[in-house]
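> You'll find entry_2.csv just under this line, and it carries CSV, C-alpha atoms.
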chain,number,residue,atom,x,y,z
A,1,MET,CA,-2.0,8.6,-46.1
A,2,TYR,CA,-2.2,9.7,-42.5
A,3,GLU,CA,0.3,12.4,-43.0
A,4,LEU,CA,-1.5,13.6,-46.1
A,5,PHE,CA,-4.8,14.0,-44.2
A,6,LYS,CA,-3.0,15.5,-41.3
A,7,GLY,CA,-1.5,18.1,-43.6
A,8,LEU,CA,-4.9,18.7,-45.1
A,9,GLY,CA,-6.4,19.4,-41.7
A,10,ALA,CA,-3.6,21.8,-40.9
A,11,TRP,CA,-4.0,23.5,-44.4
A,12,LEU,CA,-7.7,24.0,-43.9
A,13,VAL,CA,-7.6,25.5,-40.4
A,14,SER,CA,-4.5,27.7,-41.0
A,15,GLY,CA,-5.3,31.4,-40.5
A,16,GLU,CA,-2.9,32.4,-43.2
A,17,GLN,CA,-4.6,30.1,-45.7
A,18,TRP,CA,-7.9,32.0,-45.2
A,19,ALA,CA,-6.4,35.5,-45.5
A,20,GLY,CA,-5.5,37.7,-48.4
A,21,PRO,CA,-6.3,37.6,-52.1
A,22,ASP,CA,-5.1,34.0,-52.4
A,23,GLY,CA,-6.9,32.9,-49.3
A,24,ILE,CA,-9.8,30.4,-49.1
A,25,GLY,CA,-12.4,33.1,-48.4
A,26,HIS,CA,-11.5,35.1,-51.5
A,27,ARG,CA,-11.3,32.1,-53.7
A,28,LEU,CA,-14.6,30.8,-52.4
A,29,ALA,CA,-16.2,34.2,-53.2
A,30,GLU,CA,-14.8,34.0,-56.8
A,31,HIS,CA,-16.0,30.5,-57.2
A,32,LEU,CA,-19.6,31.3,-56.1
A,33,GLN,CA,-19.6,34.4,-58.3
A,34,TYR,CA,-18.7,32.4,-61.4
A,35,SER,CA,-21.2,29.7,-60.5
A,36,LEU,CA,-24.2,31.9,-59.7
A,37,LEU,CA,-23.7,34.2,-62.7
A,38,ALA,CA,-23.4,31.3,-65.1
A,39,THR,CA,-26.5,29.6,-63.6
A,40,LEU,CA,-28.5,32.8,-63.8
A,41,VAL,CA,-27.6,33.3,-67.5
A,42,ALA,CA,-28.4,29.7,-68.2
A,43,ALA,CA,-31.8,30.1,-66.5
A,44,ALA,CA,-32.5,33.2,-68.5
A,45,ILE,CA,-31.9,31.2,-71.7
A,46,ALA,CA,-33.3,27.8,-70.8
A,47,LEU,CA,-36.5,28.7,-68.8
A,48,PRO,CA,-38.3,30.5,-71.7
A,49,ILE,CA,-37.4,27.6,-74.0
A,50,GLY,CA,-38.6,25.0,-71.6
A,51,LEU,CA,-41.8,26.9,-70.9
A,52,LEU,CA,-42.5,27.5,-74.5
A,53,ILE,CA,-42.0,24.0,-75.8
A,54,GLY,CA,-43.9,22.6,-72.7
A,55,HIS,CA,-46.8,24.9,-73.4
A,56,THR,CA,-47.1,24.5,-77.1
A,57,GLY,CA,-45.7,21.0,-77.5
A,58,ARG,CA,-43.7,22.2,-80.5
A,59,GLY,CA,-39.9,21.9,-80.9
A,60,ALA,CA,-39.5,19.5,-78.0
A,61,PHE,CA,-37.5,17.0,-80.0
A,62,LEU,CA,-35.1,19.6,-81.3
A,63,ALA,CA,-34.7,21.4,-77.9
A,64,ILE,CA,-34.2,18.2,-75.9
A,65,ASN,CA,-31.6,16.9,-78.4
A,66,LEU,CA,-29.8,20.2,-78.5
A,67,SER,CA,-29.7,20.1,-74.7
A,68,SER,CA,-28.3,16.6,-74.7
A,69,PHE,CA,-25.7,17.7,-77.1
A,70,GLY,CA,-24.7,20.6,-74.8
A,71,ARG,CA,-24.4,18.1,-71.9
A,72,ALA,CA,-22.2,15.9,-74.0
A,73,LEU,CA,-19.8,18.7,-74.9
A,74,PRO,CA,-16.4,18.3,-73.2
A,75,THR,CA,-16.2,21.3,-70.9
A,76,VAL,CA,-12.4,21.8,-71.0
A,77,GLY,CA,-12.4,21.4,-74.7
A,78,LEU,CA,-15.1,24.1,-75.1
A,79,VAL,CA,-13.1,26.4,-72.8
A,80,VAL,CA,-10.0,25.9,-75.0
A,81,LEU,CA,-11.9,26.4,-78.2
A,82,VAL,CA,-13.5,29.7,-77.0
A,83,PHE,CA,-10.2,30.8,-75.5
A,84,LEU,CA,-8.5,30.4,-78.9
A,85,VAL,CA,-11.1,32.6,-80.4
A,86,SER,CA,-11.7,35.3,-77.7
A,87,GLY,CA,-8.3,35.4,-76.0
A,88,LEU,CA,-7.5,35.6,-72.3
A,89,SER,CA,-10.8,36.4,-70.6
A,90,MET,CA,-13.6,34.9,-68.5
A,91,TRP,CA,-15.8,34.4,-71.6
A,92,PRO,CA,-14.6,30.8,-72.3
A,93,VAL,CA,-15.3,29.8,-68.7
A,94,TYR,CA,-18.8,31.4,-68.6
A,95,ILE,CA,-19.8,30.0,-72.0
A,96,ALA,CA,-18.7,26.5,-71.0
A,97,LEU,CA,-20.5,26.7,-67.6
A,98,VAL,CA,-23.7,28.1,-69.2
A,99,ALA,CA,-23.6,25.3,-71.8
A,100,LEU,CA,-23.3,22.8,-69.0
A,101,ALA,CA,-26.3,24.3,-67.0
A,102,VAL,CA,-28.8,24.8,-69.8
A,103,PRO,CA,-29.7,21.1,-70.4
A,104,SER,CA,-30.8,20.5,-66.8
A,105,VAL,CA,-33.0,23.6,-66.8
A,106,VAL,CA,-34.6,22.9,-70.2
A,107,THR,CA,-35.4,19.3,-69.6
A,108,ASN,CA,-36.8,19.8,-66.1
A,109,THR,CA,-38.8,22.8,-67.1
A,110,TYR,CA,-40.2,20.8,-70.1
A,111,ALA,CA,-40.9,17.8,-67.9
A,112,GLY,CA,-42.7,20.0,-65.3
A,113,MET,CA,-44.9,21.5,-68.0
A,114,THR,CA,-45.8,18.2,-69.6
A,115,ALA,CA,-46.7,16.8,-66.2
A,116,VAL,CA,-49.6,19.3,-65.8
A,117,ASP,CA,-52.9,17.6,-66.2
A,118,PRO,CA,-54.3,18.4,-69.7
A,119,GLU,CA,-57.8,18.7,-68.1
A,120,VAL,CA,-56.6,21.6,-66.0
A,121,ARG,CA,-55.4,23.4,-69.1
A,122,ASP,CA,-58.6,22.7,-70.9
A,123,ALA,CA,-60.6,24.0,-67.9
A,124,ALA,CA,-58.5,27.1,-67.8
A,125,ARG,CA,-59.1,27.8,-71.5
A,126,GLY,CA,-62.8,27.0,-71.0
A,127,GLN,CA,-63.0,29.8,-68.5
A,128,GLY,CA,-61.7,32.2,-71.1
A,129,MET,CA,-58.1,32.5,-70.1
A,130,ARG,CA,-55.7,33.6,-72.8
A,131,TRP,CA,-52.6,31.5,-73.6
A,132,HIS,CA,-50.3,33.6,-71.4
A,133,GLN,CA,-52.7,33.4,-68.5
A,134,VAL,CA,-52.8,29.7,-68.7
A,135,LEU,CA,-49.1,29.5,-68.9
A,136,LEU,CA,-48.3,31.9,-66.0
A,137,GLN,CA,-51.3,31.3,-63.7
A,138,VAL,CA,-51.9,27.6,-64.1
A,139,GLU,CA,-49.1,25.7,-65.8
A,140,LEU,CA,-46.1,27.5,-64.2
A,141,PRO,CA,-47.3,27.2,-60.6
A,142,LEU,CA,-47.9,23.4,-61.1
A,143,ALA,CA,-44.5,22.9,-62.9
A,144,LEU,CA,-42.5,25.0,-60.4
A,145,PRO,CA,-41.2,22.1,-58.2
A,146,LEU,CA,-39.6,20.4,-61.2
A,147,ILE,CA,-38.3,23.7,-62.5
A,148,MET,CA,-36.6,24.4,-59.2
A,149,THR,CA,-35.1,20.9,-59.2
A,150,GLY,CA,-33.6,21.6,-62.6
A,151,LEU,CA,-32.1,24.9,-61.3
A,152,ARG,CA,-30.7,23.1,-58.3
A,153,LEU,CA,-29.1,20.4,-60.4
A,154,ALA,CA,-27.7,23.0,-62.8
A,155,LEU,CA,-26.2,25.0,-60.0
A,156,ILE,CA,-24.5,22.0,-58.4
A,157,GLN,CA,-23.1,20.9,-61.7
A,158,VAL,CA,-21.7,24.3,-62.4
A,159,VAL,CA,-20.2,24.6,-58.9
A,160,ALA,CA,-18.4,21.3,-59.4
A,161,THR,CA,-17.1,22.3,-62.8
A,162,ALA,CA,-16.2,26.0,-62.1
A,163,THR,CA,-12.7,24.8,-61.2
A,164,ILE,CA,-12.0,25.2,-64.9
A,165,ALA,CA,-11.6,29.0,-64.4
A,166,ALA,CA,-8.2,28.3,-63.0
A,167,TYR,CA,-7.4,26.4,-66.2
A,168,VAL,CA,-7.2,29.8,-68.0
A,169,SER,CA,-5.4,31.5,-65.2
A,170,PHE,CA,-8.4,32.9,-63.3
A,171,GLY,CA,-9.5,32.3,-59.7
A,172,GLY,CA,-11.9,30.2,-57.8
A,173,LEU,CA,-11.3,27.1,-55.7
A,174,GLY,CA,-9.8,25.4,-58.8
A,175,ARG,CA,-6.8,27.6,-58.3
A,176,TYR,CA,-5.7,25.3,-55.5
A,177,VAL,CA,-6.1,22.2,-57.6
A,178,PHE,CA,-4.2,23.5,-60.6
A,179,ASP,CA,-1.5,25.3,-58.6
A,180,GLY,CA,-1.1,22.2,-56.4
A,181,LEU,CA,-0.6,20.0,-59.5
A,182,ALA,CA,2.0,22.4,-60.9
A,183,GLN,CA,3.8,22.5,-57.6
A,184,ARG,CA,3.3,18.8,-56.8
A,185,ASP,CA,1.6,19.8,-53.6
A,186,LEU,CA,-0.9,17.0,-52.9
A,187,VAL,CA,-2.2,18.7,-49.8
A,188,GLN,CA,-3.2,21.8,-51.8
A,189,VAL,CA,-4.8,19.6,-54.5
A,190,LEU,CA,-6.8,17.6,-52.0
A,191,GLY,CA,-7.7,20.8,-50.1
A,192,GLY,CA,-9.1,22.4,-53.3
A,193,ALA,CA,-11.0,19.2,-54.2
A,194,VAL,CA,-12.5,18.9,-50.7
A,195,LEU,CA,-13.6,22.6,-50.6
A,196,VAL,CA,-15.4,22.2,-54.0
A,197,ALA,CA,-17.1,19.1,-52.8
A,198,VAL,CA,-18.2,20.7,-49.5
A,199,VAL,CA,-19.5,23.8,-51.3
A,200,ALA,CA,-21.5,21.6,-53.7
A,201,VAL,CA,-23.0,19.4,-50.9
A,202,VAL,CA,-23.9,22.4,-48.7
A,203,LEU,CA,-25.6,24.2,-51.6
A,204,ASP,CA,-27.5,21.0,-52.6
A,205,LEU,CA,-28.7,20.5,-49.0
A,206,ALA,CA,-29.6,24.1,-48.6
A,207,LEU,CA,-31.6,24.3,-51.8
A,208,SER,CA,-33.3,21.0,-51.1
A,209,ALA,CA,-34.4,22.3,-47.7
A,210,LEU,CA,-35.6,25.5,-49.2
A,211,GLN,CA,-37.5,23.6,-51.9
A,212,ARG,CA,-39.2,21.4,-49.2
A,213,VAL,CA,-40.2,24.5,-47.2
A,214,LEU,CA,-41.5,26.4,-50.2
A,215,PHE,CA,-43.7,23.4,-51.4
A,216,ARG,CA,-44.5,21.8,-48.1
A,217,ASN,CA,-48.0,23.3,-48.2
A,218,ARG,CA,-48.1,23.7,-51.9
A,219,PRO,CA,-51.7,24.4,-52.9
A,220,THR,CA,-51.7,22.1,-56.0
A,221,GLU,CA,-55.3,21.0,-55.4
A,222,GLN,CA,-56.4,24.7,-55.0
A,223,VAL,CA,-54.7,25.7,-58.2
A,224,GLN,CA,-56.3,22.9,-60.1
A,225,GLU,CA,-59.7,23.6,-58.5
A,226,GLN,CA,-59.5,27.3,-59.5
A,227,ALA,CA,-58.5,26.3,-63.0
A,228,ARG,CA,-61.6,24.1,-63.3
Can you dump the structure from the file as structure tokens?


Amino acid sequence: MYELFKGLGAWLVSGEQWAGPDGIGHRLAEHLQYSLLATLVAAAIALPIGLLIGHTGRGAFLAINLSSFGRALPTVGLVVLVFLVSGLSMWPVYIALVALAVPSVVTNTYAGMTAVDPEVRDAARGQGMRWHQVLLQVELPLALPLIMTGLRLALIQVVATATIAAYVSFGGLGRYVFDGLAQRDLVQVLGGAVLVAVVAVVLDLALSALQRVLFRNRPTEQVQEQAR
């Protein structure tokens, strides 16, 4: 075990390991590209759904259950299925990652919308606000902390799962895991796993800190008072 971790330390600090198209820097950039793009696409799909069902109260049962179904899908199985249909491309990876991210965004967005005080909505409507004004100027600002939590959870899940890109011969930090398994190189396998874990933890801490800064002096009472 000592030799394994000693080898891991040498592997992580080696200058050669960080250089070139197969280096850690390049693989990290690929991993972040896959993760960020998939999360952005998932947000573009899930946010309108969560906002709509939270505002209208309609379709919540169907949307939440479909989201739960998406969370239960085996990611690797979905990659293989899409791979068989579309051939060798990044489509299977992105579809699987988007399917993984959508449930967290939908459920947290819906939860944030339903947590808004009904009296605040009624007061906004009583002032003559149209439905889209109530949604964008009252409900959305109040629901934003939970929405951002959903986005953060989705991103971390995607980062941890984006290693599957290497499963269909693409890049990312998962390349070290799959190549290491093929070569029976435990140091490389452990190095890839450690890098993915570190990236996920660092992103989680950074986004949590950003969320605290953004909502430290959140004017919840002012928004509610204006709505009334």

> Which residues come within 12 Å of region 174-189 of chain A, counting all atoms listed in the file, excluding same-chain residues fewer than 2 positions away, as a PyMOL selection string?

chain A and resi 1-12+17+21-24+26-28+30-32+34+159-172+191-197

> Counting all atoms listed in the file, figure out which residue out of A:Pro141, A:Ala206, A:Val158, A:Arg212 gets nearest to Leu51 (chain A).

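Ranking A:Pro141, A:Ala206, A:Val158, A:Arg212 by distance to Leu51 (chain A), first place goes to A:Pro141.
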
> Please measure the separation of CA of Ala63 (chain A) and CA of Thr107 (chain A), giving the value in Å to one decimal.

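These two atoms are separated by 8.6 Å.
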
> In Å, rounded to a single decimal, give me how far CA of Met129 (chain A) is from CA of Leu146 (chain A).

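Interatomic distance here is 23.8 Å.
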
> Just to confirm, what's the straight-line distance from CA of Met113 (chain A) to CA of Leu144 (chain A) in Å (one decimal)?

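Computing it gives 8.7 Å between the two atoms.
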
> Under the rule that all atoms listed in the file are counted, which of A:Trp18, A:Phe61, A:Tyr94, A:Phe215 is the nearest residue to Leu142 (chain A)?

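Nearest to Leu142 (chain A): A:Phe215.
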
> Using only C-alpha atoms, which of the listed residues (A:Gly25, A:Gly112, A:Gly20, A:Gly126) sits closest to Gly150 (chain A)?

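Answer, going by the shortest atom-to-atom distance: A:Gly112.
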
> If you count only C-alpha atoms, which residues fall within 9 Å of Leu155 (chain A), apart from same-chain ones fewer than 5 positions away, as a list in words?

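So, after excluding close chain neighbours, the residues are Ser35, Leu36, Ala38, Thr39, Leu40, Ala101, Gly150, Ala160, Ala200, Leu203 and Asp204 of chain A.
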